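The next block is coords_35.cif, given as mmCIF, C-alpha atoms.
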```
data_input
#
loop_
_atom_site.label_atom_id
_atom_site.label_comp_id
_atom_site.auth_asym_id
_atom_site.auth_seq_id
_atom_site.Cartn_x
_atom_site.Cartn_y
_atom_site.Cartn_z
CA MET A 1 85.07 100.92 266.60
CA THR A 2 87.23 99.63 263.78
CA LEU A 3 87.14 101.63 260.58
CA THR A 4 87.84 100.19 257.17
CA ARG A 5 90.36 101.79 254.89
CA ALA A 6 87.44 102.72 252.64
CA ASP A 7 85.87 104.60 255.57
CA LEU A 8 89.08 106.53 256.12
CA ALA A 9 89.51 107.33 252.45
CA ALA A 10 85.98 108.59 251.83
CA GLY A 11 84.89 110.49 254.94
CA GLU A 12 85.11 114.26 255.37
CA LEU A 13 87.79 115.43 257.81
CA GLU A 14 87.06 118.14 260.40
CA VAL A 15 90.12 119.28 262.38
CA ILE A 16 89.32 119.63 266.09
CA GLY A 17 92.76 119.82 267.72
CA GLN A 18 96.49 119.24 267.56
CA LEU A 19 98.66 116.77 269.46
CA VAL A 20 101.19 119.22 270.85
CA ASP A 21 103.66 116.55 272.04
CA ALA A 22 104.09 115.09 268.56
CA SER A 23 107.37 115.82 266.77
CA ASN A 24 105.52 116.26 263.47
CA GLY A 25 102.18 117.91 262.74
CA SER A 26 99.52 115.53 264.11
CA LEU A 27 95.93 116.71 263.99
CA LEU A 28 92.97 115.15 265.76
CA CYS A 29 89.98 115.10 263.42
CA ARG A 30 86.39 114.02 263.23
CA LEU A 31 85.71 111.79 260.27
CA HIS A 32 82.18 112.40 259.00
CA ARG A 33 80.60 109.48 257.16
CA ASP A 34 77.07 108.34 256.34
CA THR A 35 76.49 107.45 259.99
CA PRO A 36 75.01 109.48 262.88
CA ASP A 37 78.25 109.65 264.89
CA PRO A 38 81.60 110.82 263.47
CA ALA A 39 84.72 108.81 264.21
CA GLU A 40 87.96 110.24 265.59
CA VAL A 41 91.12 109.93 263.53
CA ILE A 42 94.66 111.25 263.38
CA TYR A 43 95.66 113.23 260.30
CA LYS A 44 99.36 113.88 259.62
CA PRO A 45 99.73 116.12 256.55
CA ARG A 46 102.97 116.04 254.62
CA VAL A 47 103.38 119.80 255.10
CA GLY A 48 103.62 119.30 258.87
CA GLU A 49 106.69 117.06 258.72
CA ARG A 50 110.02 118.22 260.10
CA PRO A 51 112.88 117.30 257.76
CA LEU A 52 115.29 114.59 258.98
CA TRP A 53 118.84 114.25 257.76
CA ASP A 54 118.59 110.48 257.26
CA PHE A 55 115.16 110.19 255.60
CA PRO A 56 113.99 111.74 252.32
CA GLU A 57 112.01 114.91 252.97
CA GLY A 58 108.25 114.66 252.85
CA THR A 59 108.05 110.85 253.11
CA LEU A 60 107.33 110.16 256.79
CA SER A 61 103.54 109.99 256.57
CA GLN A 62 103.78 107.70 253.55
CA ARG A 63 105.93 105.33 255.63
CA GLU A 64 103.15 105.18 258.22
CA VAL A 65 100.77 104.00 255.52
CA ALA A 66 103.34 101.50 254.23
CA ALA A 67 103.58 100.00 257.73
CA ARG A 68 99.85 99.26 257.65
CA VAL A 69 100.17 97.78 254.14
CA VAL A 70 102.86 95.36 255.35
CA ALA A 71 100.88 94.44 258.47
CA ASP A 72 97.83 93.70 256.32
CA ALA A 73 99.89 91.57 253.93
CA LEU A 74 101.15 89.53 256.89
CA ASN A 75 97.63 89.32 258.39
CA TRP A 76 99.04 90.79 261.60
CA THR A 77 96.78 93.04 263.67
CA ILE A 78 99.36 95.65 264.65
CA VAL A 79 98.87 98.96 262.84
CA PRO A 80 95.49 100.72 263.09
CA PRO A 81 93.64 101.24 259.80
CA THR A 82 95.66 103.85 257.88
CA VAL A 83 95.39 105.46 254.45
CA TRP A 84 97.07 108.11 252.33
CA ARG A 85 94.61 110.76 251.19
CA GLU A 86 93.86 114.44 250.70
CA GLY A 87 92.90 116.44 253.77
CA PRO A 88 92.31 120.04 254.87
CA TYR A 89 96.07 120.78 254.68
CA GLY A 90 96.93 118.68 251.68
CA PRO A 91 97.91 115.03 251.28
CA GLY A 92 98.86 113.02 254.31
CA MET A 93 98.15 109.92 256.30
CA VAL A 94 94.87 109.36 258.16
CA GLN A 95 94.69 106.72 260.88
CA GLU A 96 91.96 105.53 263.20
CA TRP A 97 92.25 106.96 266.72
CA ILE A 98 92.78 104.23 269.32
CA THR A 99 91.10 104.60 272.72
CA THR A 100 93.45 102.96 275.20
CA ASP A 101 92.70 100.90 278.28
CA ALA A 102 93.73 103.24 281.10
CA THR A 103 93.81 100.37 283.61
CA ILE A 104 96.90 98.85 281.97
CA ASP A 105 100.29 99.97 283.25
CA LEU A 106 102.31 100.61 280.10
CA VAL A 107 105.73 100.19 281.73
CA SER A 108 104.77 96.77 283.08
CA LEU A 109 103.29 95.81 279.72
CA VAL A 110 106.40 96.78 277.77
CA GLN A 111 108.57 94.74 280.16
CA SER A 112 106.36 91.67 279.81
CA ASP A 113 106.63 88.74 277.40
CA HIS A 114 103.15 89.32 275.95
CA PRO A 115 102.92 87.40 272.64
CA ALA A 116 101.52 90.47 270.85
CA LEU A 117 104.67 92.38 271.76
CA ARG A 118 106.80 89.61 270.38
CA ARG A 119 104.99 89.84 267.07
CA ILE A 120 105.51 93.61 267.10
CA ALA A 121 109.22 93.05 267.76
CA VAL A 122 109.43 90.89 264.63
CA PHE A 123 107.38 93.42 262.67
CA ASP A 124 109.74 96.22 263.71
CA ALA A 125 112.73 94.19 262.54
CA LEU A 126 111.02 93.71 259.17
CA ILE A 127 110.15 97.37 258.64
CA ASN A 128 113.41 98.58 260.23
CA ASN A 129 111.69 100.73 262.85
CA ALA A 130 114.08 103.37 264.18
CA ASP A 131 111.77 104.60 266.94
CA ARG A 132 109.75 101.96 268.81
CA LYS A 133 109.08 103.80 272.05
CA GLY A 134 106.91 102.36 274.81
CA GLY A 135 104.44 105.18 274.24
CA HIS A 136 103.94 103.97 270.67
CA LEU A 137 102.26 100.80 271.98
CA LEU A 138 98.55 101.24 272.64
CA PRO A 139 96.53 98.55 274.47
CA ASP A 140 92.90 99.08 273.54
CA LEU A 141 89.65 98.21 275.32
CA ASP A 142 89.33 94.94 273.35
CA GLY A 143 92.71 93.59 274.45
CA ILE A 144 94.56 94.39 271.21
CA ILE A 145 97.98 96.04 271.43
CA TRP A 146 98.42 98.46 268.54
CA GLY A 147 101.65 99.99 267.28
CA ILE A 148 101.64 103.58 266.04
CA ASP A 149 104.07 106.28 264.83
CA HIS A 150 105.84 104.44 262.03
CA GLY A 151 107.26 107.50 260.27
CA VAL A 152 110.93 106.54 260.61
CA THR A 153 110.81 103.09 259.05
CA PHE A 154 111.85 101.26 255.87
CA ALA A 155 115.31 102.83 255.63
CA VAL A 156 117.80 100.89 253.52
CA ASP A 157 120.48 101.06 256.22
CA ASP A 158 119.92 99.17 259.48
CA LYS A 159 118.37 101.59 262.00
CA LEU A 160 116.41 99.32 264.35
CA ARG A 161 115.88 101.01 267.74
CA THR A 162 113.27 99.65 270.09
CA VAL A 163 112.31 99.00 273.70
CA LEU A 164 111.44 95.40 272.72
CA TRP A 165 114.77 93.61 272.93
CA HIS A 166 113.52 90.93 275.37
CA TRP A 167 113.82 88.14 272.77
CA ARG A 168 117.14 89.08 271.15
CA GLY A 169 118.85 85.98 269.80
CA GLN A 170 115.90 83.73 270.62
CA PRO A 171 114.05 81.64 268.00
CA ILE A 172 111.14 83.42 266.33
CA PRO A 173 107.92 81.47 266.99
CA ASN A 174 106.97 79.09 264.19
CA ASP A 175 103.63 80.75 263.50
CA LEU A 176 105.33 84.09 262.85
CA LEU A 177 107.96 82.47 260.63
CA SER A 178 105.16 80.73 258.72
CA ASP A 179 103.42 84.07 258.16
CA ILE A 180 106.65 85.61 256.88
CA GLY A 181 107.24 82.63 254.59
CA SER A 182 103.73 82.90 253.13
CA TRP A 183 104.22 86.63 252.65
CA LEU A 184 107.50 86.08 250.83
CA THR A 185 105.76 83.93 248.24
CA GLY A 186 103.63 86.95 247.33
CA TRP A 187 106.68 88.81 246.09
CA GLN A 188 106.73 86.48 243.08
CA GLY A 189 103.42 87.77 241.69
CA GLU A 190 101.50 90.98 241.21
CA GLU A 191 99.99 91.37 244.67
CA GLU A 192 97.93 94.49 245.31
CA TRP A 193 99.94 95.27 248.44
CA LEU A 194 103.18 95.27 246.47
CA THR A 195 101.72 97.75 244.00
CA GLU A 196 100.64 99.97 246.88
CA LEU A 197 104.07 99.79 248.51
CA SER A 198 105.57 100.92 245.20
CA SER A 199 103.53 104.12 245.46
CA LEU A 200 104.71 104.80 249.01
CA LEU A 201 108.37 103.75 249.16
CA ALA A 202 111.44 104.00 246.95
CA ALA A 203 112.48 100.94 244.96
CA ASP A 204 115.65 100.40 247.00
CA GLU A 205 113.62 100.56 250.23
CA ILE A 206 111.25 97.88 248.96
CA LYS A 207 114.22 95.73 247.94
CA ALA A 208 115.74 96.16 251.42
CA LEU A 209 112.41 95.18 253.00
CA HIS A 210 112.38 91.98 250.95
CA GLU A 211 115.97 91.22 251.94
CA ARG A 212 115.23 91.73 255.65
CA ALA A 213 112.27 89.36 255.39
CA GLN A 214 114.44 86.73 253.73
CA GLN A 215 117.18 87.16 256.33
CA LEU A 216 114.76 86.84 259.24
CA SER A 217 113.14 83.81 257.65
CA GLU A 218 116.48 82.09 257.07
CA ALA A 219 117.98 82.97 260.47
CA GLY A 220 114.79 82.16 262.34
CA THR A 221 115.88 84.25 265.32
CA HIS A 222 115.23 87.70 266.70
CA PRO A 223 118.03 90.13 265.82
CA PHE A 224 120.56 91.51 268.29
CA PRO A 225 121.04 95.26 268.79
CA SER A 226 123.71 96.86 266.65
CA PRO A 227 126.87 97.95 268.49
CA ASP A 228 127.14 101.00 266.20
CA TRP A 229 124.32 103.18 267.61
CA PRO A 230 121.98 103.39 270.64
CA ALA A 231 119.69 100.36 270.66
CA ILE A 232 116.86 102.10 272.53
CA PRO A 233 115.20 105.34 271.39
CA TRP A 234 115.30 108.38 273.66
CA PRO A 235 113.13 108.98 275.50
CA PRO A 236 112.07 105.33 275.71
CA PHE A 237 108.44 106.32 276.45
#
```
Please render this file's structure as structure tokens.
Amino acid sequence: MTLTRADLAAGELEVIGQLVDASNGSLLCRLHRDTPDPAEVIYKPRVGERPLWDFPEGTLSQREVAARVVADALNWTIVPPTVWREGPYGPGMVQEWITTDATIDLVSLVQSDHPALRRIAVFDALINNADRKGGHLLPDLDGIIWGIDHGVTFAVDDKLRTVLWHWRGQPIPNDLLSDIGSWLTGWQGEEEWLTELSSLLAADEIKALHERAQQLSEAGTHPFPSPDWPAIPWPPF
């Protein structure tokens, strides 16, 4: 099942459990719509966020929504449908629950050169993802690899940490560069996605996003890890 953002925004949320391993409050919910069967979603209310010293307080769930906005603008199927809305515990992000393919070995997948992972690696460089763990990559039953948990993204300072360094220094595929180039042209107008980003991120974070896109487009290569901090998040899965 793939929900639309309108589905996520309009349905009634019923909390049925909590993901106890999550570092921030993550609630499993049923989303009741005008259909016989409810859908399962993840709801992360702002009040459940743990403050971080290097990110503004109360902004992590908004960053998750911003990641989906950027993926949509690029026409990249990476982030599950995600919206910012009111819920039982106040405003927060709501995202479609992904049922994973249990037959796929995640360690082997992460170590592979799967083209979907390469696109995610470029996406993470764009959004400055500080926490791309292997467990944040979800292969679904339709063969799509989704990326989740984008709360620590869009910082102004370079914070990229990821398990996807396979292509460091290598040329970015032309189709991905073309998508980035097309996306960059949208910054000249009044695109709906840019208006939405303005409601989710600070102005300097949006400016930094634009600069990273320009730098990637001009360099045409995957970035190298920074020597100034650990390149891989811990734990990596």
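Using only C-alpha atoms for every distance, the candidate list A:Asp124, A:Asp228, A:Leu19, A:Val69 yields A:Val69 as the residue closest to A:Glu192.
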Who sits within 7 Å of A:Ile148, all atoms listed in the file, same chain under 4 positions skipped, as a list in words: Val79, His136 and Leu137 of chain A
C-alpha atoms of the current selection, written as a PDB file, in the coordinates of the input:
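Result file follows (result-v6.pdb):
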```
ATOM      1  CA  VAL A  79      98.870  98.960 262.840  1.00  0.00           C
ATOM      2  CA  HIS A 136     103.940 103.970 270.670  1.00  0.00           C
ATOM      3  CA  LEU A 137     102.260 100.800 271.980  1.00  0.00           C
TER       4      LEU A 137
END
```
Selection dump of the PyMOL selection byres ((chain A and resi 93) around 10), as a PyMOL selection string: chain A and resi 8-9+26+42-46+60-65+82-87+90-92+94-95
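The space separating atom CA of A:Arg132 from atom CA of A:Pro233 comes to 6.9 Å.
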Output check: residues returned by the PyMOL selection byres ((chain A and resi 154) around 8), as a list in words: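 Applied to this file, the PyMOL selection byres ((chain A and resi 154) around 8) selects Arg63, Ile127, Asn128, Asn129, Val152, Thr153, Ala155, Val156, Leu201, Glu205, Ile206, Ala208 and Leu209 of chain A.
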Atom-to-atom span, atom CA of A:Pro236 and atom CA of A:Gly17, Å: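 We find that atom CA of A:Pro236 and atom CA of A:Gly17 lie 25.4 Å from each other.
Atom to atom, atom CA of A:Glu57 and atom CA of A:Ala125 stand 22.8 Å apart.
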Non-local contacts of A:Gln214 (12 Å; all atoms listed in the file; under 4 positions in same chain excluded) as a PyMOL selection string: chain A and resi 125-126+177+180-185+187+207-210+218-221
If we draw a sphere of 10 Å around (103.8, 101.0, 268.3), which residues have at least one atom in it when counting all atoms listed in the file? Please report them as a short mmCIF file (atom, residue, chain, number, x, y, z; two decimals) with C-alpha atoms, in the coordinates of the input.
```cif
data_model
loop_
_atom_site.label_atom_id
_atom_site.label_comp_id
_atom_site.auth_asym_id
_atom_site.auth_seq_id
_atom_site.Cartn_x
_atom_site.Cartn_y
_atom_site.Cartn_z
CA ILE A 78 99.36 95.65 264.65
CA VAL A 79 98.87 98.96 262.84
CA PRO A 80 95.49 100.72 263.09
CA LEU A 117 104.67 92.38 271.76
CA ILE A 120 105.51 93.61 267.10
CA ALA A 121 109.22 93.05 267.76
CA ASP A 124 109.74 96.22 263.71
CA ASN A 129 111.69 100.73 262.85
CA ASP A 131 111.77 104.60 266.94
CA ARG A 132 109.75 101.96 268.81
CA LYS A 133 109.08 103.80 272.05
CA GLY A 134 106.91 102.36 274.81
CA GLY A 135 104.44 105.18 274.24
CA HIS A 136 103.94 103.97 270.67
CA LEU A 137 102.26 100.80 271.98
CA LEU A 138 98.55 101.24 272.64
CA PRO A 139 96.53 98.55 274.47
CA ILE A 145 97.98 96.04 271.43
CA TRP A 146 98.42 98.46 268.54
CA GLY A 147 101.65 99.99 267.28
CA ILE A 148 101.64 103.58 266.04
CA ASP A 149 104.07 106.28 264.83
CA HIS A 150 105.84 104.44 262.03
CA THR A 162 113.27 99.65 270.09
#
```
Would you give the centre and edge lengths, in Å to one decimal, of a box along x, y and z around the listed atoms of stretch 106-124 of chain A, with 5 Å added to each side, as JSON?
```
{"center_x": 105.6, "center_y": 94.0, "center_z": 272.9, "size_x": 18.2, "size_y": 23.2, "size_z": 30.4}
```
From A:Leu106, A:Leu74, A:Ala231, A:Val163, residue lying nearest A:Ala213 [only C-alpha atoms]: A:Leu74
Counting all atoms listed in the file, the option among A:Ile172, A:Ala202, A:Val20, A:Val15 closest to A:Val41: A:Val15
Shortest interatomic distance to A:Gly143 - which of A:Glu190, A:Asp101, A:Asp72, A:Asp113, counting only C-alpha atoms: A:Asp101
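Here the residues that fall within 7 Å of (89.1, 115.0, 258.0), using all atoms listed in the file, are given as Gly11, Glu12, Leu13, Glu14, Val15, Cys29, Arg30, Leu31, Gly87 and Pro88 of chain A.
Restricting the calculation to only C-alpha atoms, the smallest distance between A:Gln18 and any of A:Glu96, A:Gly48, A:Val107, A:Phe237 is found for A:Gly48.
Nearest to A:Trp97 of all the residues A:Pro81, A:Pro230, A:Pro171, A:Pro115 is A:Pro81, counting only C-alpha atoms.
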